[in-house]
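Asker: Got a structure here, written out as structure tokens. Questions coming.
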Amino acid sequence: MSEPETSQLSKAYEPSAVESRWYAYWDAHGYFQAEPEPGRASYCLTIPPPNVTGELHIGHALQHAIHDTLLRWRRMSGLNTLCVPGTDHASIGTERLLTLSLKKQGISKMSLGRDGFVKAAWDWTEKYGGTILKQLRLLGCSYDWRRTRFTMDEGYVRAVLTAFLDYYERGWIYRGSRVGEWCPSCNTSLSDLEVDHEEVLSSLWHIRYPIQGGGSVTVATTRPETMLGDTAVAVHPDDPRHKGHLGKTVLLPVMDREIPIIADPILVDPKFGTGAVKVTPAHDPNDFECGQRNNLPRISVIGKDGRMTEAAGRFAGLDRLEARKQVVDELERLGLLEKVEEYTHAVGHCERCHTIVEPLLTDQWYLRMQDLAALATDAIKSGRVRFFPDRYAAEALRSLENVPEWCISRQLFWGHRLPLWHCRQCAAVTPSIDRPAACKACGSSDLYEDPDTLDTWFSSALWPFAVLGWPDNTPEMEAFYPTNCMITDRQIIRLWVLRMVYSGLHFVKEIPFPDVYIHGTVLTREGVRMSKSKGTGGDPVELINKYGGDATRMSLLLMASKGQDIRFAEERVEGSRRFANKLWNASRFVMMNLANTPLPQSLSPDASWPLEDRWILSRLNRVLETVSRALGEYDFDDAAQALYEFVWNEFCDWYVELAKARFGGPEEDAARVRQVLAFVLETSLRTLHPFMPFVTEEIWQSLRTQLGATGNDSLMVQSYPTADPSLSDDEAEERFSRIEEMVRTVRNLRAQGGAQPAQRVQVYVVPIAEDSIPQVEVPSLTAYLAQLARAELTLLPPKQTGGVPSPSVAGATRFAEVHLSLAGLVDVEKETAKLTREIEAISKELSRVTGKLQNSQFLSRAPAEVVDKERAIEQELKTRKHQIEAQLSRLSQTS
RNA sequence: GGGCGGAUAGCUCAGUGGGAGAGCGCCUCCCUUACAAGGAGGAUGUCGUAGGUUCGAAUCCUAUUCCGCCCACCA
């Protein structure tokens, strides 16, 4: 593919055509691709794999703007840079969406059967899969697309099953029959992390259980329907209210079943309620354990479909919530409902479908967490894995304490089958990736594959190394593992990040990444999390169409402050689009005036160079320092803002304006300004490229074409600028800042004095001291920037206000008085009022400072430099007050 | 019940011990041949509230109110 045409730069920057053109160019030239190069320093990221059927939302846009900025920066900095993209099969999420979609077509999941459903899932994946990855290209993401991985692709499946078998052989994976989370709608078990707890206003029902032989105990419950499965009432052994009840039985109401009153100091808190607790071992994890301790029977009265079972007697077949109503009615009828209180408590909901989860007694596969959690804890505590912002490290450590065993089996079709083969003859389990010929215990060939699939997070936990070829020891693993950073959002720290940390340590014996950057959540302007289901999606593709990929990236980076949440404000994107346009036009101007100036490789300014040249180069050096520091610390907003301000407020507003005057001047000086313009612009483009890759590439290509360069190189493979201390010039910066202040004062006086642009004004500058302003530059630079003819600016000797004609308006800077003679247009009254207001403001400020300096405590305790600074401020305020007072008295004399 | 963020200009947000800032919006002037998608100038704040520490607090401490998030089996 040849270099795109970039000859004529149009007046306004139009992103759409430019962006797709350069993306195709980079892609075709293989600039996104990386190969292992032994001995060469590398930089590697893997993206958090989005759901395969997902679409880009604005949170992704932020996340990937960050990824690609880091990648382009590191790549230009000379590292062998790789980013592996990919998608997640998202078992439960995808299965649910597909089931709903099929239902709309009148097809039920069960009628398709396992094979049919899995085939439909693959079809669905092929149809919608990869949409999101295509959308990432619109943002400019420089990922190695050849290496795109999917958690269900062949190699990845092998990695997952290998990991499973490793754990299994160690005895860390085991079968358990216990009460766990169950979603009756998704019809599968869930891990604790897939359950969202929400506060719900509900009721607390107090039910009287008659004691056999007289009396009663009252128990309270938020789920009255579970009483049908009660197998005991527990009290605290030391509770005097219930001591006499121990050993007796109650007649379970409704069911008329006799159940014992038992003592259980662990389950029962005697300070709560009546001190008596109904025990339902099949429907509550705590009751389950109580049941184990006391050998209680387990009666499942709610089934996997959320309906009451045969064990629920005449309530069998009812939905659990309907059963609740009817049980309450029945209790009321029996006169056993003592009271009903309003009660707020947390109810678990399925993360995917928001159905209320039901604690059910089921057989599941569990992964032992003890050793794995310890690996992650150690890595974080020792600082081998660091979080940015670091507060998330504390949160991560907290969540690693007392991690419950991980329920890894799911009753789903879409996902990785457990590599376990059950023998129909002897019931033994044979672990194997492929179907084994015979049962390892009895040799029978009558085997069937375990029907369960794995929690989707079990596979994503292996992501950073599985995508690099693990379990094989590939060149990619050698070159790129550990990866360098994980960039993701806080919602999945526990679900994913920590699981990658211990998985990496366990399987590869090395951390998967030393840094974890947690970016903020993108919210709506009202502060609500953006989500499709809430209709607050925020489509980044629309933004890109409207403002450009560069502006979308840049605005998000400008807002990405220290991991803070971002209330999305579209005007910020608009602002970044304007910035791109500004850069574009400044570049156009520079190129129009460059003539045949060759691009200098470096510049060595000395004292003989014009002030503004030394100033802009010093400012450039400073911004380079800021950018590299900020990017290194993941302070994207600082880096982006430093560049934004440099380009717009310093280069465009001041330097380019001053350059205009020099093109027609002496040849040597014109040549110098062209050199500096070319150098600063080209360096700025390289520095900005990671933030705004498209527009910088477009400009850079025409710049180099104009400068006579040839070849097919791209900006994205140029070297990243580094700070050059020899450009740093504090003195030039200080002197130039005085020029800026002078110019602003003149402009201000003109505007406030109501001078029309064409109107002649005489400016008199009176320095407060011999060296207070750079005398050489003042007449020329100030006059030029304030749009005056040079003859209309007069630099008077220090303190010689006598040469200023009256009446005039005046302003005070830190270094000089500035007088504007408006040829009879001065409104003395208005000017007097203005100056009086100014004196009031200065006096107020002055009394604050003077008060401070008269405070002996301040003088003795504050650091000397602070005191000195206050003294300087006081001096300056006094001087300005003096200047204005003098001007006031001059005004009164004229009137 | 515990923990973590946030509260600063009309809006979106920077600013962690020493003279309150940016962008957008608003007001005035200007189509000066890079850019009107621009330029110049301007107005705008009891820095959530109340205490405290300090010579000095938007910034540190305590309490408190709202908003958001995370954790937690008290029936």
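In the structure tokens, chains take letters A, B, ... by order of appearance, with residues numbered from 1 within each chain and ligands from 1 in the order shown.
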Might you pull out every residue within 9 Å of Ala862 in chain A, with only C-alpha atoms (C1' of nucleotides) counted and same-chain residues fewer than 6 positions away left off, and present them as a PyMOL selection string?
Answerer: chain B and resi 18+55-56
Asker: Restricting the output to C-alpha atoms (C1' of nucleotides), write the selected residues as a PDB file, in the first residue's frame.
Answerer:
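That gives us result-v9.pdb:
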ATOM      1  C1'   G B  18       1.521  29.544  52.232  1.00  0.00           C
ATOM      2  C1'   C B  55       1.707  31.759  62.483  1.00  0.00           C
ATOM      3  C1'   G B  56      -1.327  30.204  58.227  1.00  0.00           C
TER       4        G B  56
END
Asker: Could the residues of chain B within 7 Å of chain A, counting only C-alpha atoms (C1' of nucleotides), be given as a PyMOL selection string, please?
Answerer: chain B and resi 12+18+24+34-35+37+41+55+73+75
Asker: So which bits of range 243-424 of chain A end up strand (DSSP E) when you DSSP the backbone, as a ChimeraX atom specification?
Answerer: /A:249-252,257-263,276-279,337-350,358-367,386-388,406-407,409-410,420-423
Asker: How would the residues just picked look written out with N, CA and C atoms as a tab-separated table (two decimals), in the first residue's frame?
Answerer:
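Full text of again38.tsv as output:
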chain	number	residue	atom	x	y	z
A	249	THR	N	-39.87	-30.77	71.83
A	249	THR	CA	-40.11	-30.64	70.40
A	249	THR	C	-41.22	-29.63	70.17
A	250	VAL	N	-41.22	-29.08	68.97
A	250	VAL	CA	-42.35	-28.24	68.57
A	250	VAL	C	-43.07	-28.93	67.43
A	251	LEU	N	-44.32	-28.56	67.29
A	251	LEU	CA	-45.07	-29.07	66.16
A	251	LEU	C	-45.01	-28.01	65.07
A	252	LEU	N	-44.27	-28.32	64.00
A	252	LEU	CA	-44.10	-27.35	62.94
A	252	LEU	C	-45.46	-27.02	62.33
A	257	ARG	N	-45.38	-31.29	61.56
A	257	ARG	CA	-44.28	-32.22	61.70
A	257	ARG	C	-43.58	-31.89	63.01
A	258	GLU	N	-43.18	-32.93	63.74
A	258	GLU	CA	-42.54	-32.69	65.02
A	258	GLU	C	-41.05	-32.47	64.81
A	259	ILE	N	-40.53	-31.34	65.29
A	259	ILE	CA	-39.08	-31.08	65.14
A	259	ILE	C	-38.51	-30.67	66.49
A	260	PRO	N	-37.23	-31.00	66.71
A	260	PRO	CA	-36.64	-30.76	68.04
A	260	PRO	C	-36.23	-29.30	68.27
A	261	ILE	N	-36.18	-28.95	69.55
A	261	ILE	CA	-35.55	-27.69	69.95
A	261	ILE	C	-34.14	-28.04	70.36
A	262	ILE	N	-33.18	-27.44	69.64
A	262	ILE	CA	-31.79	-27.81	69.90
A	262	ILE	C	-31.01	-26.59	70.36
A	263	ALA	N	-29.81	-26.85	70.92
A	263	ALA	CA	-28.93	-25.76	71.36
A	263	ALA	C	-27.84	-25.57	70.31
A	276	ALA	N	-34.77	-17.41	69.50
A	276	ALA	CA	-35.05	-18.72	68.90
A	276	ALA	C	-35.01	-18.58	67.38
A	277	VAL	N	-34.37	-19.55	66.74
A	277	VAL	CA	-34.18	-19.47	65.28
A	277	VAL	C	-34.72	-20.74	64.64
A	278	LYS	N	-35.52	-20.54	63.58
A	278	LYS	CA	-35.95	-21.71	62.82
A	278	LYS	C	-34.78	-22.18	61.99
A	279	VAL	N	-34.61	-23.48	61.83
A	279	VAL	CA	-33.46	-24.03	61.13
A	279	VAL	C	-33.93	-24.77	59.88
A	337	LEU	N	-49.48	-16.31	63.52
A	337	LEU	CA	-48.67	-15.19	63.06
A	337	LEU	C	-48.72	-14.12	64.14
A	338	GLU	N	-47.63	-14.02	64.87
A	338	GLU	CA	-47.64	-13.13	66.02
A	338	GLU	C	-47.61	-11.67	65.60
A	339	LYS	N	-46.72	-11.34	64.71
A	339	LYS	CA	-46.69	-9.97	64.18
A	339	LYS	C	-45.87	-9.93	62.89
A	340	VAL	N	-46.07	-8.83	62.18
A	340	VAL	CA	-45.29	-8.62	60.95
A	340	VAL	C	-44.68	-7.23	61.04
A	341	GLU	N	-43.36	-7.20	60.97
A	341	GLU	CA	-42.67	-5.90	61.03
A	341	GLU	C	-42.17	-5.53	59.65
A	342	GLU	N	-42.14	-4.23	59.39
A	342	GLU	CA	-41.43	-3.76	58.20
A	342	GLU	C	-39.96	-4.00	58.42
A	343	TYR	N	-39.28	-4.42	57.39
A	343	TYR	CA	-37.90	-4.82	57.61
A	343	TYR	C	-37.10	-4.61	56.33
A	344	THR	N	-35.97	-3.95	56.49
A	344	THR	CA	-35.10	-3.74	55.33
A	344	THR	C	-33.91	-4.67	55.45
A	345	HIS	N	-33.68	-5.43	54.44
A	345	HIS	CA	-32.51	-6.32	54.48
A	345	HIS	C	-32.00	-6.56	53.06
A	346	ALA	N	-30.78	-7.08	53.01
A	346	ALA	CA	-30.13	-7.28	51.71
A	346	ALA	C	-30.60	-8.59	51.09
A	347	VAL	N	-31.04	-8.51	49.87
A	347	VAL	CA	-31.49	-9.70	49.15
A	347	VAL	C	-30.58	-9.93	47.95
A	348	GLY	N	-30.13	-11.16	47.79
A	348	GLY	CA	-29.22	-11.46	46.68
A	348	GLY	C	-29.96	-11.56	45.35
A	349	HIS	N	-29.39	-10.89	44.34
A	349	HIS	CA	-29.96	-10.96	43.00
A	349	HIS	C	-28.92	-11.47	42.03
A	350	CYS	N	-29.37	-12.18	41.03
A	350	CYS	CA	-28.47	-12.67	39.99
A	350	CYS	C	-27.90	-11.47	39.24
A	358	GLU	N	-31.72	-18.05	44.98
A	358	GLU	CA	-32.27	-18.91	46.01
A	358	GLU	C	-31.13	-19.77	46.55
A	359	PRO	N	-30.90	-19.73	47.86
A	359	PRO	CA	-29.90	-20.66	48.40
A	359	PRO	C	-30.45	-22.07	48.33
A	360	LEU	N	-29.78	-22.93	47.59
A	360	LEU	CA	-30.27	-24.29	47.41
A	360	LEU	C	-29.19	-25.30	47.70
A	361	LEU	N	-29.63	-26.47	48.09
A	361	LEU	CA	-28.71	-27.57	48.34
A	361	LEU	C	-28.44	-28.28	47.02
A	362	THR	N	-27.23	-28.12	46.50
A	362	THR	CA	-26.91	-28.79	45.24
A	362	THR	C	-25.50	-29.37	45.31
A	363	ASP	N	-25.20	-30.26	44.38
A	363	ASP	CA	-23.85	-30.81	44.26
A	363	ASP	C	-23.07	-29.96	43.27
A	364	GLN	N	-21.94	-29.41	43.69
A	364	GLN	CA	-21.14	-28.58	42.79
A	364	GLN	C	-19.68	-28.90	42.96
A	365	TRP	N	-18.89	-28.41	41.99
A	365	TRP	CA	-17.44	-28.53	42.10
A	365	TRP	C	-16.87	-27.24	42.67
A	366	TYR	N	-15.98	-27.42	43.65
A	366	TYR	CA	-15.40	-26.26	44.32
A	366	TYR	C	-13.88	-26.26	44.15
A	367	LEU	N	-13.33	-25.04	44.11
A	367	LEU	CA	-11.86	-24.91	44.10
A	367	LEU	C	-11.43	-24.37	45.45
A	386	ARG	N	1.32	-3.75	42.12
A	386	ARG	CA	0.91	-2.45	42.67
A	386	ARG	C	-0.37	-1.97	42.00
A	387	PHE	N	-1.18	-1.28	42.78
A	387	PHE	CA	-2.42	-0.74	42.25
A	387	PHE	C	-2.30	0.77	42.10
A	388	PHE	N	-2.88	1.29	41.05
A	388	PHE	CA	-2.98	2.74	40.83
A	388	PHE	C	-4.46	3.07	40.64
A	406	TRP	N	-14.34	-21.45	45.96
A	406	TRP	CA	-14.89	-20.96	44.70
A	406	TRP	C	-15.72	-22.05	44.02
A	407	CYS	N	-17.02	-21.81	43.90
A	407	CYS	CA	-17.87	-22.75	43.18
A	407	CYS	C	-17.64	-22.53	41.69
A	409	SER	N	-18.39	-24.83	39.09
A	409	SER	CA	-19.21	-25.54	38.11
A	409	SER	C	-20.51	-24.79	37.85
A	410	ARG	N	-20.93	-24.85	36.59
A	410	ARG	CA	-22.17	-24.17	36.20
A	410	ARG	C	-23.02	-25.15	35.41
A	420	LEU	N	-13.84	-34.20	33.10
A	420	LEU	CA	-14.01	-35.31	34.04
A	420	LEU	C	-14.97	-36.30	33.43
A	421	TRP	N	-14.62	-37.58	33.56
A	421	TRP	CA	-15.40	-38.64	32.93
A	421	TRP	C	-15.89	-39.60	33.99
A	422	HIS	N	-17.20	-39.75	34.05
A	422	HIS	CA	-17.80	-40.56	35.10
A	422	HIS	C	-18.03	-41.98	34.58
A	423	CYS	N	-17.75	-42.94	35.43
A	423	CYS	CA	-17.94	-44.34	35.06
A	423	CYS	C	-19.34	-44.81	35.48
Asker: Compile the contact shell of U64 in chain B as a list in words: residues with an atom at most 12 Å away, counting only C-alpha atoms (C1' of nucleotides), same-chain residues fewer than 6 positions apart removed.
Answerer: G48, U49, A50 and G51 of chain B
Asker: I need the residues from that last selection saved to file as a PDB file, in the first residue's frame (with N, CA, C and O atoms (P, O5', C5', C4', C3', O3' and C1' of nucleotides)), if you can.
Answerer:
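Just written: out37.pdb:
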ATOM      1  P     G B  48     -16.313  22.423  49.924  1.00  0.00           P
ATOM      2  O5'   G B  48     -17.828  22.324  50.416  1.00  0.00           O
ATOM      3  C5'   G B  48     -18.854  23.046  49.732  1.00  0.00           C
ATOM      4  C4'   G B  48     -20.156  22.785  50.429  1.00  0.00           C
ATOM      5  C3'   G B  48     -20.152  23.136  51.918  1.00  0.00           C
ATOM      6  O3'   G B  48     -20.421  24.497  52.138  1.00  0.00           O
ATOM      7  C1'   G B  48     -21.052  20.976  51.600  1.00  0.00           C
ATOM      8  P     U B  49     -19.614  25.265  53.327  1.00  0.00           P
ATOM      9  O5'   U B  49     -20.376  24.829  54.654  1.00  0.00           O
ATOM     10  C5'   U B  49     -21.773  24.992  54.782  1.00  0.00           C
ATOM     11  C4'   U B  49     -22.243  24.330  56.056  1.00  0.00           C
ATOM     12  C3'   U B  49     -21.392  24.629  57.280  1.00  0.00           C
ATOM     13  O3'   U B  49     -21.739  25.873  57.878  1.00  0.00           O
ATOM     14  C1'   U B  49     -21.790  22.308  57.171  1.00  0.00           C
ATOM     15  P     A B  50     -20.607  26.670  58.682  1.00  0.00           P
ATOM     16  O5'   A B  50     -20.405  25.790  59.999  1.00  0.00           O
ATOM     17  C5'   A B  50     -21.482  25.597  60.903  1.00  0.00           C
ATOM     18  C4'   A B  50     -21.041  24.731  62.047  1.00  0.00           C
ATOM     19  C3'   A B  50     -19.687  25.098  62.652  1.00  0.00           C
ATOM     20  O3'   A B  50     -19.784  26.186  63.532  1.00  0.00           O
ATOM     21  C1'   A B  50     -19.796  22.766  62.323  1.00  0.00           C
ATOM     22  P     G B  51     -18.442  26.881  64.049  1.00  0.00           P
ATOM     23  O5'   G B  51     -18.032  25.903  65.223  1.00  0.00           O
ATOM     24  C5'   G B  51     -16.689  25.846  65.627  1.00  0.00           C
ATOM     25  C4'   G B  51     -16.390  24.520  66.263  1.00  0.00           C
ATOM     26  C3'   G B  51     -14.910  24.292  66.476  1.00  0.00           C
ATOM     27  O3'   G B  51     -14.449  24.910  67.660  1.00  0.00           O
ATOM     28  C1'   G B  51     -15.803  22.437  65.353  1.00  0.00           C
TER      29        G B  51
END
Asker: Which parts of range 61-177 of chain A does DSSP call alpha helix (DSSP H) when run on the backbone here, written out as a PyMOL selection string?
Answerer: chain A and resi 61-76+91-104+109-128+131-138+154-169
Asker: Identify, on the basis of only C-alpha atoms (C1' of nucleotides), every residue whose closest approach to Leu336 in chain A does not exceed 12 Å; exclude the query and any residue fewer than 4 positions from it along the same chain; express the result as a list in words.
Answerer: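 Residues meeting the cut-off are Trp205, His206, Ile207, Arg208, Tyr209, Pro210, Ser216, Val217, Thr218, Val219, Ala220, Leu251, Leu252, Pro253, Val254, Val327, Val328, Asp329, Glu330, Leu331, Glu332 and Val340 of chain A.
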